$ cat final04.txt   # compact mmCIF, C-alpha atoms
# COMPACT_ATOMS: atom_id res chain seq x y z
CA MET A 25 90.22 41.07 117.38
CA GLY A 26 92.83 43.74 116.81
CA CYS A 27 93.06 45.09 113.28
CA HIS A 28 96.25 45.37 111.25
CA HIS A 29 96.26 49.18 111.04
CA HIS A 30 93.05 50.57 112.54
CA SER A 31 92.76 51.57 116.17
CA SER A 32 89.43 49.95 116.96
CA ASN A 33 88.66 46.25 117.35
CA HIS A 34 86.52 44.46 114.78
CA ASN A 35 84.55 41.54 116.09
CA GLY A 36 81.91 41.51 113.37
CA LEU A 37 81.67 41.40 109.60
CA HIS A 38 80.12 44.87 109.45
CA ASN A 39 83.08 46.69 111.05
CA ALA A 40 85.59 44.53 109.20
CA ILE A 41 84.15 45.61 105.84
CA GLN A 42 83.76 49.23 106.93
CA TYR A 43 87.42 49.54 107.94
CA SER A 44 88.86 46.93 105.55
CA CYS A 45 90.35 44.74 108.28
CA ASN A 46 92.73 42.13 106.85
CA VAL A 47 93.03 40.29 110.17
CA TYR A 48 89.28 39.65 110.35
CA PHE A 49 89.11 38.34 106.79
CA TYR A 50 92.07 36.05 107.41
CA GLN A 51 90.42 34.53 110.47
CA ALA A 52 87.03 34.19 108.74
CA PHE A 53 88.64 32.55 105.71
CA ARG A 54 90.59 30.16 107.92
CA GLN A 55 87.46 29.08 109.78
CA TYR A 56 85.64 28.52 106.49
CA ILE A 57 88.45 26.30 105.17
CA TYR A 58 89.05 24.25 108.32
CA HIS A 59 86.07 22.18 109.45
CA ASN A 60 88.15 19.51 111.24
CA GLU A 61 86.53 16.88 109.03
CA THR A 62 89.43 14.44 108.98
CA GLY A 63 91.70 15.58 111.82
CA ASN A 64 94.46 16.04 109.24
CA THR A 65 95.20 19.69 108.38
CA TYR A 66 96.52 18.78 104.93
CA LYS A 67 93.40 16.84 103.95
CA ASP A 68 91.12 19.40 105.59
CA SER A 69 92.87 22.11 103.57
CA GLU A 70 92.18 20.21 100.35
CA LYS A 71 88.51 19.78 101.19
CA GLY A 72 88.14 23.38 102.32
CA LEU A 73 89.83 24.75 99.23
CA MET A 74 87.56 22.87 96.84
CA ARG A 75 84.46 23.78 98.88
CA TRP A 76 85.43 27.46 98.72
CA ARG A 77 86.36 27.22 95.03
CA GLU A 78 82.94 25.78 94.16
CA ALA A 79 81.17 28.49 96.18
CA ILE A 80 82.93 31.47 94.58
CA GLY A 81 82.59 29.82 91.17
CA ARG A 82 78.84 30.49 91.46
CA PHE A 83 79.74 34.17 91.87
CA GLY A 84 81.53 34.06 88.51
CA PHE A 85 85.16 33.78 89.65
CA GLY A 86 87.68 31.46 88.04
CA ARG A 87 85.75 31.29 84.77
CA ARG A 88 84.44 33.44 81.94
CA LEU A 89 81.14 35.14 82.64
CA GLY A 90 80.01 34.88 79.00
CA LEU A 91 80.36 38.49 77.85
CA ASP A 92 79.22 39.04 74.25
CA LEU A 93 82.71 40.10 73.16
CA PRO A 94 85.67 37.89 72.16
CA ASN A 95 88.78 37.32 74.31
CA GLU A 96 87.13 37.62 77.72
CA LYS A 97 89.46 36.51 80.51
CA GLY A 98 88.34 34.13 83.23
CA GLY A 99 90.79 34.96 85.99
CA PHE A 100 92.23 32.16 88.10
CA VAL A 101 91.11 30.29 91.22
CA PRO A 102 93.56 27.50 92.18
CA ASP A 103 92.46 23.94 92.90
CA THR A 104 94.13 20.94 94.53
CA ALA A 105 95.79 19.92 91.25
CA TYR A 106 97.47 23.32 91.03
CA PHE A 107 98.93 23.17 94.55
CA ASN A 108 99.94 19.53 94.10
CA LYS A 109 101.99 20.67 91.13
CA VAL A 110 103.55 23.55 93.07
CA TYR A 111 104.27 21.88 96.44
CA GLY A 112 103.77 18.16 95.86
CA LYS A 113 100.74 16.04 96.77
CA GLY A 114 99.95 16.04 100.48
CA SER A 115 102.63 18.68 101.19
CA TRP A 116 100.58 21.86 101.41
CA LYS A 117 97.89 23.35 103.64
CA PHE A 118 96.06 26.58 104.38
CA SER A 119 99.20 28.35 105.62
CA ASN A 120 100.66 28.10 102.10
CA TRP A 121 97.90 30.18 100.49
CA TYR A 122 96.21 32.19 103.27
CA SER A 123 96.94 35.48 101.42
CA MET A 124 93.96 34.68 99.18
CA ALA A 125 91.85 35.67 102.20
CA ILE A 126 92.46 39.32 101.27
CA GLY A 127 92.36 38.84 97.50
CA GLU A 128 96.10 38.43 96.95
CA GLY A 129 98.43 35.50 96.39
CA GLU A 130 97.41 32.97 93.75
CA LEU A 131 93.91 34.38 93.26
CA GLY A 132 93.37 36.16 89.95
CA VAL A 133 90.30 38.24 89.06
CA VAL A 134 89.42 40.67 86.27
CA PRO A 135 87.62 44.02 86.78
CA LEU A 136 84.48 42.73 85.04
CA GLN A 137 84.15 39.98 87.66
CA MET A 138 84.49 42.53 90.44
CA ALA A 139 81.84 44.79 88.92
CA ASN A 140 79.64 41.71 88.65
CA LEU A 141 80.28 40.98 92.34
CA ALA A 142 79.01 44.47 93.17
CA ALA A 143 75.88 43.73 91.10
CA ILE A 144 75.36 40.40 92.92
CA ILE A 145 75.48 42.13 96.30
CA ALA A 146 73.18 44.92 95.08
CA ASN A 147 70.68 42.31 93.82
CA ARG A 148 71.04 40.30 97.03
CA GLY A 149 72.12 37.07 95.41
CA TRP A 150 71.77 37.06 91.65
CA TYR A 151 73.16 38.63 88.48
CA ILE A 152 72.40 38.92 84.78
CA THR A 153 75.24 37.74 82.52
CA PRO A 154 77.11 40.94 81.55
CA HIS A 155 76.46 42.04 77.96
CA LEU A 156 76.84 45.08 75.72
CA ILE A 157 74.23 44.38 73.04
CA LYS A 158 70.79 45.71 73.96
CA GLY A 159 68.93 44.24 70.97
CA ILE A 160 69.40 42.70 67.50
CA GLY A 161 67.19 43.31 64.46
CA LYS A 162 63.70 44.77 64.34
CA ASN A 163 62.34 42.70 67.21
CA GLY A 164 65.29 43.63 69.44
CA LYS A 165 65.73 40.11 70.82
CA ILE A 166 69.00 38.78 72.19
CA ASP A 167 70.13 35.44 73.58
CA PRO A 168 67.94 34.56 76.62
CA LYS A 169 71.05 33.97 78.72
CA TYR A 170 71.47 37.75 78.81
CA THR A 171 68.05 38.22 80.38
CA THR A 172 67.94 35.24 82.76
CA PRO A 173 68.99 35.70 86.43
CA ASN A 174 71.90 33.59 87.67
CA TYR A 175 71.54 32.76 91.37
CA VAL A 176 74.65 32.29 93.49
CA GLY A 177 73.13 29.94 96.07
CA VAL A 178 73.13 32.35 99.04
CA ASP A 179 69.87 33.39 100.71
CA SER A 180 68.99 37.02 100.04
CA SER A 181 68.72 37.79 103.77
CA LYS A 182 72.45 37.11 104.21
CA PHE A 183 73.40 40.14 102.12
CA ALA A 184 71.90 42.73 104.49
CA VAL A 185 74.94 42.92 106.78
CA VAL A 186 77.28 43.26 103.78
CA ILE A 187 75.17 46.01 102.17
CA ASP A 188 74.87 47.98 105.41
CA ALA A 189 78.61 47.68 105.95
CA MET A 190 79.34 48.85 102.40
CA GLU A 191 77.15 51.87 103.05
CA ASP A 192 79.28 52.68 106.10
CA VAL A 193 82.48 52.23 104.06
CA VAL A 194 81.43 55.35 102.17
CA ARG A 195 79.59 57.13 104.97
CA ALA A 196 82.25 56.79 107.66
CA GLY A 197 84.88 54.27 106.57
CA THR A 198 87.71 53.93 104.07
CA ALA A 199 85.93 55.56 101.10
CA GLY A 200 84.65 58.94 102.26
CA LEU A 201 85.66 60.47 98.92
CA ALA A 202 83.04 58.29 97.18
CA ARG A 203 80.09 60.08 98.78
CA ILE A 204 77.50 61.51 96.38
CA PRO A 205 75.10 64.19 97.67
CA ASP A 206 71.59 62.79 98.31
CA ILE A 207 72.54 59.31 96.99
CA ILE A 208 73.47 56.39 99.25
CA VAL A 209 76.56 54.73 97.79
CA CYS A 210 77.66 51.25 98.94
CA GLY A 211 81.27 50.37 98.24
CA LYS A 212 84.43 48.49 99.22
CA THR A 213 88.00 49.70 98.86
CA GLY A 214 91.00 47.61 97.88
CA THR A 215 94.75 48.16 97.63
CA SER A 216 96.87 45.78 95.56
CA GLN A 217 100.58 45.58 96.37
CA ASN A 218 103.01 46.62 93.64
CA LYS A 219 106.76 45.96 93.86
CA LYS A 220 107.76 48.58 91.29
CA GLY A 221 105.94 51.65 92.51
CA LYS A 222 102.88 52.79 94.40
CA ASP A 223 100.22 50.19 95.14
CA HIS A 224 97.31 49.78 92.75
CA SER A 225 94.07 51.45 93.80
CA ALA A 226 90.78 49.52 93.62
CA PHE A 227 87.13 50.18 94.46
CA ILE A 228 83.84 48.42 93.76
CA ALA A 229 80.43 49.94 94.44
CA PHE A 230 76.77 50.17 93.58
CA ALA A 231 74.17 52.93 93.95
CA PRO A 232 71.67 53.83 95.16
CA LYS A 233 71.50 51.47 98.13
CA HIS A 234 67.76 50.92 97.64
CA ASN A 235 66.60 50.05 94.11
CA PRO A 236 70.19 50.15 92.75
CA LYS A 237 70.78 51.26 89.16
CA ILE A 238 74.52 50.91 88.62
CA ALA A 239 77.37 48.65 89.75
CA ILE A 240 81.00 49.51 89.07
CA ALA A 241 84.60 48.41 89.54
CA CYS A 242 87.49 50.85 89.23
CA TYR A 243 91.19 49.93 89.14
CA VAL A 244 93.96 52.53 88.86
CA GLU A 245 97.54 51.28 88.64
CA ASN A 246 100.32 52.97 90.65
CA ALA A 247 97.82 55.23 92.41
CA GLY A 248 97.96 54.19 96.09
CA PHE A 249 95.04 53.52 98.42
CA GLY A 250 91.69 52.49 96.95
CA GLY A 251 89.77 55.07 98.95
CA VAL A 252 91.96 57.94 97.75
CA VAL A 253 91.90 57.49 93.97
CA ALA A 254 89.67 54.69 92.67
CA ALA A 255 86.78 55.59 95.00
CA PRO A 256 86.32 59.23 93.91
CA ILE A 257 86.72 58.31 90.24
CA ALA A 258 84.03 55.64 90.54
CA SER A 259 81.70 57.98 92.42
CA LEU A 260 81.98 60.67 89.75
CA ILE A 261 81.12 58.12 87.05
CA MET A 262 78.14 56.85 89.05
CA GLU A 263 76.82 60.35 89.68
CA LYS A 264 76.99 61.23 85.98
CA TYR A 265 75.16 58.01 85.15
CA LEU A 266 72.45 58.53 87.75
CA ARG A 267 72.07 62.26 87.01
CA PRO A 268 72.84 62.61 83.30
CA ASP A 269 71.14 65.99 82.94
CA SER A 270 72.41 67.56 86.16
CA THR A 271 75.48 69.71 86.73
CA LEU A 272 77.92 68.61 89.38
CA SER A 273 78.08 70.74 92.51
CA LYS A 274 80.96 73.18 92.91
CA GLN A 275 82.70 70.81 95.30
CA ARG A 276 82.24 67.82 92.99
CA LEU A 277 83.46 69.81 89.98
CA ALA A 278 86.60 70.65 91.95
CA LEU A 279 87.07 66.95 92.76
CA GLU A 280 86.63 66.01 89.10
CA LYS A 281 89.17 68.65 88.04
CA TYR A 282 91.63 67.41 90.66
CA MET A 283 91.30 63.77 89.55
CA ARG A 284 91.68 64.68 85.88
CA GLU A 285 94.92 66.51 86.60
CA GLN A 286 96.56 63.61 88.42
CA SER A 287 99.26 61.52 86.79
CA PHE A 288 99.82 57.99 88.03
CA TRP A 289 102.60 57.12 85.61
CA PRO A 290 105.23 55.24 87.65
CA ALA A 291 108.64 56.75 88.30
CA ARG A 292 111.06 55.88 85.51
CA THR A 293 113.82 53.38 86.16
CA MET A 294 116.82 53.23 83.85
CA ASP A 295 118.58 50.08 82.68
CA LYS A 296 122.36 49.65 82.86
CA GLU A 297 122.96 51.14 79.42
CA GLU A 298 120.94 54.26 80.24
CA LEU A 299 122.72 54.67 83.57
CA LYS A 300 126.04 54.46 81.74
CA LYS A 301 124.95 57.18 79.31
CA GLU A 302 123.81 59.40 82.18
CA GLY A 303 127.24 58.99 83.79
CA GLU A 304 128.95 59.91 80.53
CA LYS A 305 126.81 63.05 80.28
CA LYS A 306 127.84 64.12 83.77
CA ASP A 307 131.51 63.53 82.91
CA GLU A 308 131.08 65.57 79.73
CA LYS A 309 129.50 68.45 81.65
CA SER A 310 132.37 68.37 84.11
CA LYS A 311 134.91 68.59 81.27
CA ASN A 312 133.06 71.53 79.72
CA SER A 313 133.27 73.48 82.98
CA LYS A 314 136.02 76.12 83.21
CA ASP A 315 136.86 77.93 86.44
CA GLY A 316 133.55 76.86 87.96
CA LYS A 317 131.54 78.35 85.10
CA ALA A 318 129.39 76.06 83.01
CA VAL A 319 129.96 76.04 79.24
CA ALA A 320 126.94 75.54 77.00
CA PRO A 321 127.00 72.18 75.16
CA ASP A 322 127.39 72.21 71.41
CA ALA A 323 124.65 71.40 68.89
CA ASP A 324 125.80 67.78 68.43
CA SER A 325 125.47 67.08 72.15
CA LEU A 326 121.97 68.51 72.27
CA LYS A 327 120.97 66.43 69.25
CA LYS A 328 122.33 63.25 70.85
CA GLU A 329 120.52 63.95 74.15
CA LYS A 330 117.25 64.48 72.31
CA THR A 331 117.69 61.17 70.43
CA ASP A 332 118.43 59.30 73.67
CA SER A 333 115.28 60.67 75.32
CA ILE A 334 113.14 59.50 72.40
CA ARG A 335 114.53 55.98 72.64
CA ARG A 336 113.74 55.60 76.32
CA LYS A 337 111.23 52.86 76.94
CA PRO A 338 108.15 53.38 79.16
CA VAL A 339 107.92 51.39 82.38
CA VAL A 340 105.66 48.35 82.34
CA SER A 341 103.81 48.14 85.65
CA GLU A 342 103.83 45.04 87.85
CA PRO A 343 101.00 42.59 86.99
CA LEU A 344 98.13 42.65 89.50
CA VAL A 345 98.31 38.90 90.11
CA ARG A 346 101.45 37.00 91.03
CA GLN A 347 102.22 34.03 88.79
CA SER A 348 103.97 30.95 90.08
CA ARG A 349 107.15 29.57 88.64
CA VAL A 350 105.18 26.53 87.54
CA GLU A 351 102.90 28.71 85.39
CA LYS A 352 105.92 30.38 83.84
CA GLY A 353 107.45 27.01 83.02
CA LYS A 354 110.53 27.58 85.15

$ encode --input "final04.txt" --output "structure tokens"
Amino acid sequence: MGCHHHSSNHNGLHNAIQYSCNVYFYQAFRQYIYHNETGNTYKDSEKGLMRWREAIGRFGFGRRLGLDLPNEKGGFVPDTAYFNKVYGKGSWKFSNWYSMAIGEGELGVVPLQMANLAAIIANRGWYITPHLIKGIGKNGKIDPKYTTPNYVGVDSSKFAVVIDAMEDVVRAGTAGLARIPDIIVCGKTGTSQNKKGKDHSAFIAFAPKHNPKIAIACYVENAGFGGVVAAPIASLIMEKYLRPDSTLSKQRLALEKYMREQSFWPARTMDKEELKKEGEKKDEKSKNSKDGKAVAPDADSLKKEKTDSIRRKPVVSEPLVRQSRVEKGK
């Protein structure tokens, strides 16, 4: 099938992951939801949604993972009750929420869940509950739940195509900047739409491909494509973890320097009051001009301008996940 912005066709999961093909994931998601069980698209959508929700719940989405820190967020995976509230019972189907096929729309995840997803793929079907505490007391024991594997219910053989594709994402796909010399990195790029600036950049990965040691998720707001910003940042972190006593190559040091010097602060937007003040400043400058020659402003004007700049509020970036009017109580 034709891809949304890549020249080649992607008729398999491998190529779709390698080139991040939205069209393929939409079609695959649609086929997973619709099984023509009842002959009614509305009822089939309900059944498919709950089947999918249960499956990804085993991967840790839509709930807290159990991190040993307070205030962990669980993200959000909608169910039939949610869509009944939004659209009315029996009045919605797959076409109302198909954007979840590419991780957008009503679906809400947190970076920890995405890093855990990378670990699940690296382990070929299981994960250890994320934790920060290595040991407590003299015996160093911790709660057994932090040492017990959690299986996601997918046979380990099914992960091979995903892992090989994630290798090609970095080797010759959308995340070439994530390559680490002599280490096979497996990753997947993501780009989250943002109405108030550049898109948010996302990347998940694990390394090495064989006998993996680290899984990671990197999100950078207002930074653009996942392969351009989040991917190189994640790869530098992974390399320093895997080679703690080694010095980065000259090329990698240059990449690190470049990434450190970037600023992803969104462009400022002024409210009505600030725009009014800016207009008054321009009028004042025009009045102070004589015969086409600018006149320096007095000390009081400079002091006022400095005070105004201090009071300016920073821009709050668009949330990563869209909330419905129902959730906001409107």

$ closest_residue --input "final04.txt" --among "A:Ile166, A:Leu156, A:Val176, A:Ile57" --to "Ile80 (chain A)" --atoms "all atoms listed in the file"
A:Val176

$ residues_near_point --input "final04.txt" --point "(94.3, 36.8, 105.1)" --cutoff "10 Å" --atoms "only C-alpha atoms" --output "short mmCIF file (atom, residue, chain, number, x, y, z; two decimals) with C-alpha atoms, in the coordinates of the input"
data_model
loop_
_atom_site.label_atom_id
_atom_site.label_comp_id
_atom_site.auth_asym_id
_atom_site.auth_seq_id
_atom_site.Cartn_x
_atom_site.Cartn_y
_atom_site.Cartn_z
CA CYS A 45 90.35 44.74 108.28
CA ASN A 46 92.73 42.13 106.85
CA VAL A 47 93.03 40.29 110.17
CA TYR A 48 89.28 39.65 110.35
CA PHE A 49 89.11 38.34 106.79
CA TYR A 50 92.07 36.05 107.41
CA GLN A 51 90.42 34.53 110.47
CA ALA A 52 87.03 34.19 108.74
CA PHE A 53 88.64 32.55 105.71
CA ARG A 54 90.59 30.16 107.92
CA SER A 119 99.20 28.35 105.62
CA TRP A 121 97.90 30.18 100.49
CA TYR A 122 96.21 32.19 103.27
CA SER A 123 96.94 35.48 101.42
CA MET A 124 93.96 34.68 99.18
CA ALA A 125 91.85 35.67 102.20
CA ILE A 126 92.46 39.32 101.27
CA GLY A 127 92.36 38.84 97.50
CA GLU A 128 96.10 38.43 96.95
CA GLY A 129 98.43 35.50 96.39
#

$ atom_distance --input "final04.txt" --atom1 "CA of Tyr43 (chain A)" --atom2 "CA of Asp192 (chain A)"
8.9 Å

$ closest_residue --input "final04.txt" --among "A:Arg148, A:His224, A:Lys264, A:Arg276" --to "Leu201 (chain A)" --atoms "only C-alpha atoms"
A:Arg276

$ atom_distance --input "final04.txt" --atom1 "CA of Ile187 (chain A)" --atom2 "CA of Gly250 (chain A)"
18.5 Å

$ decode --input "final04.txt" --residues "region 211-242 of chain A" --atoms "N, CA and C atoms" --output "mmCIF file, in the first residue's frame"
data_model
loop_
_atom_site.group_PDB
_atom_site.id
_atom_site.type_symbol
_atom_site.label_atom_id
_atom_site.label_comp_id
_atom_site.auth_asym_id
_atom_site.auth_seq_id
_atom_site.Cartn_x
_atom_site.Cartn_y
_atom_site.Cartn_z
ATOM 1 N N GLY A 211 15.339 0.898 17.364
ATOM 2 C CA GLY A 211 14.525 2.017 17.833
ATOM 3 C C GLY A 211 13.305 2.275 16.974
ATOM 4 N N LYS A 212 12.480 3.211 17.414
ATOM 5 C CA LYS A 212 11.283 3.632 16.671
ATOM 6 C C LYS A 212 11.039 5.108 16.929
ATOM 7 N N THR A 213 10.929 5.866 15.844
ATOM 8 C CA THR A 213 10.701 7.305 15.958
ATOM 9 C C THR A 213 9.216 7.615 16.113
ATOM 10 N N GLY A 214 8.944 8.802 16.631
ATOM 11 C CA GLY A 214 7.571 9.276 16.741
ATOM 12 C C GLY A 214 7.548 10.788 16.674
ATOM 13 N N THR A 215 6.470 11.344 16.126
ATOM 14 C CA THR A 215 6.307 12.795 16.050
ATOM 15 C C THR A 215 4.890 13.134 16.480
ATOM 16 N N SER A 216 4.767 13.897 17.557
ATOM 17 C CA SER A 216 3.460 14.223 18.114
ATOM 18 C C SER A 216 3.060 15.637 17.716
ATOM 19 N N GLN A 217 1.892 15.778 17.106
ATOM 20 C CA GLN A 217 1.450 17.075 16.606
ATOM 21 C C GLN A 217 1.251 18.077 17.739
ATOM 22 N N ASN A 218 1.598 19.328 17.442
ATOM 23 C CA ASN A 218 1.519 20.409 18.418
ATOM 24 C C ASN A 218 0.946 21.640 17.732
ATOM 25 N N LYS A 219 -0.178 22.138 18.205
ATOM 26 C CA LYS A 219 -0.854 23.269 17.562
ATOM 27 C C LYS A 219 -0.141 24.601 17.770
ATOM 28 N N LYS A 220 0.688 24.697 18.802
ATOM 29 C CA LYS A 220 1.262 25.999 19.163
ATOM 30 C C LYS A 220 2.745 26.135 18.838
ATOM 31 N N GLY A 221 3.257 25.279 18.002
ATOM 32 C CA GLY A 221 4.667 25.370 17.662
ATOM 33 C C GLY A 221 5.101 24.157 16.883
ATOM 34 N N LYS A 222 6.395 23.870 16.922
ATOM 35 C CA LYS A 222 6.889 22.671 16.258
ATOM 36 C C LYS A 222 6.329 21.427 16.924
ATOM 37 N N ASP A 223 6.266 20.338 16.178
ATOM 38 C CA ASP A 223 5.794 19.076 16.747
ATOM 39 C C ASP A 223 6.752 18.593 17.829
ATOM 40 N N HIS A 224 6.246 17.701 18.680
ATOM 41 C CA HIS A 224 7.070 17.132 19.738
ATOM 42 C C HIS A 224 7.817 15.911 19.188
ATOM 43 N N SER A 225 9.065 15.805 19.543
ATOM 44 C CA SER A 225 9.939 14.749 19.033
ATOM 45 C C SER A 225 10.001 13.586 20.011
ATOM 46 N N ALA A 226 9.841 12.352 19.501
ATOM 47 C CA ALA A 226 9.827 11.176 20.373
ATOM 48 C C ALA A 226 10.648 10.037 19.766
ATOM 49 N N PHE A 227 11.232 9.222 20.650
ATOM 50 C CA PHE A 227 12.031 8.081 20.201
ATOM 51 C C PHE A 227 12.130 7.077 21.335
ATOM 52 N N ILE A 228 11.871 5.800 21.017
ATOM 53 C CA ILE A 228 12.115 4.730 21.985
ATOM 54 C C ILE A 228 13.136 3.784 21.381
ATOM 55 N N ALA A 229 13.924 3.129 22.227
ATOM 56 C CA ALA A 229 14.980 2.257 21.708
ATOM 57 C C ALA A 229 15.491 1.321 22.784
ATOM 58 N N PHE A 230 16.244 0.315 22.337
ATOM 59 C CA PHE A 230 17.009 -0.523 23.256
ATOM 60 C C PHE A 230 18.304 -0.915 22.566
ATOM 61 N N ALA A 231 19.290 -1.309 23.351
ATOM 62 C CA ALA A 231 20.601 -1.692 22.803
ATOM 63 C C ALA A 231 21.362 -2.515 23.838
ATOM 64 N N PRO A 232 22.258 -3.379 23.366
ATOM 65 C CA PRO A 232 22.432 -3.808 21.982
ATOM 66 C C PRO A 232 21.243 -4.683 21.549
ATOM 67 N N LYS A 233 21.205 -5.022 20.268
ATOM 68 C CA LYS A 233 20.108 -5.852 19.763
ATOM 69 C C LYS A 233 20.128 -7.223 20.433
ATOM 70 N N HIS A 234 21.300 -7.828 20.539
ATOM 71 C CA HIS A 234 21.448 -9.132 21.168
ATOM 72 C C HIS A 234 21.950 -8.937 22.601
ATOM 73 N N ASN A 235 21.317 -9.608 23.549
ATOM 74 C CA ASN A 235 21.636 -9.435 24.968
ATOM 75 C C ASN A 235 21.527 -7.965 25.376
ATOM 76 N N PRO A 236 20.359 -7.349 25.185
ATOM 77 C CA PRO A 236 20.184 -5.912 25.460
ATOM 78 C C PRO A 236 20.415 -5.555 26.929
ATOM 79 N N LYS A 237 20.945 -4.340 27.126
ATOM 80 C CA LYS A 237 21.285 -3.865 28.464
ATOM 81 C C LYS A 237 20.497 -2.624 28.889
ATOM 82 N N ILE A 238 19.963 -1.890 27.925
ATOM 83 C CA ILE A 238 19.276 -0.641 28.260
ATOM 84 C C ILE A 238 18.096 -0.416 27.327
ATOM 85 N N ALA A 239 16.998 0.074 27.892
ATOM 86 C CA ALA A 239 15.825 0.502 27.118
ATOM 87 C C ALA A 239 15.534 1.944 27.496
ATOM 88 N N ILE A 240 15.065 2.734 26.536
ATOM 89 C CA ILE A 240 14.949 4.168 26.777
ATOM 90 C C ILE A 240 13.784 4.766 26.001
ATOM 91 N N ALA A 241 13.219 5.837 26.542
ATOM 92 C CA ALA A 241 12.226 6.643 25.825
ATOM 93 C C ALA A 241 12.634 8.097 25.982
ATOM 94 N N CYS A 242 12.631 8.832 24.891
ATOM 95 C CA CYS A 242 13.041 10.239 24.920
ATOM 96 C C CYS A 242 11.963 11.083 24.260
#
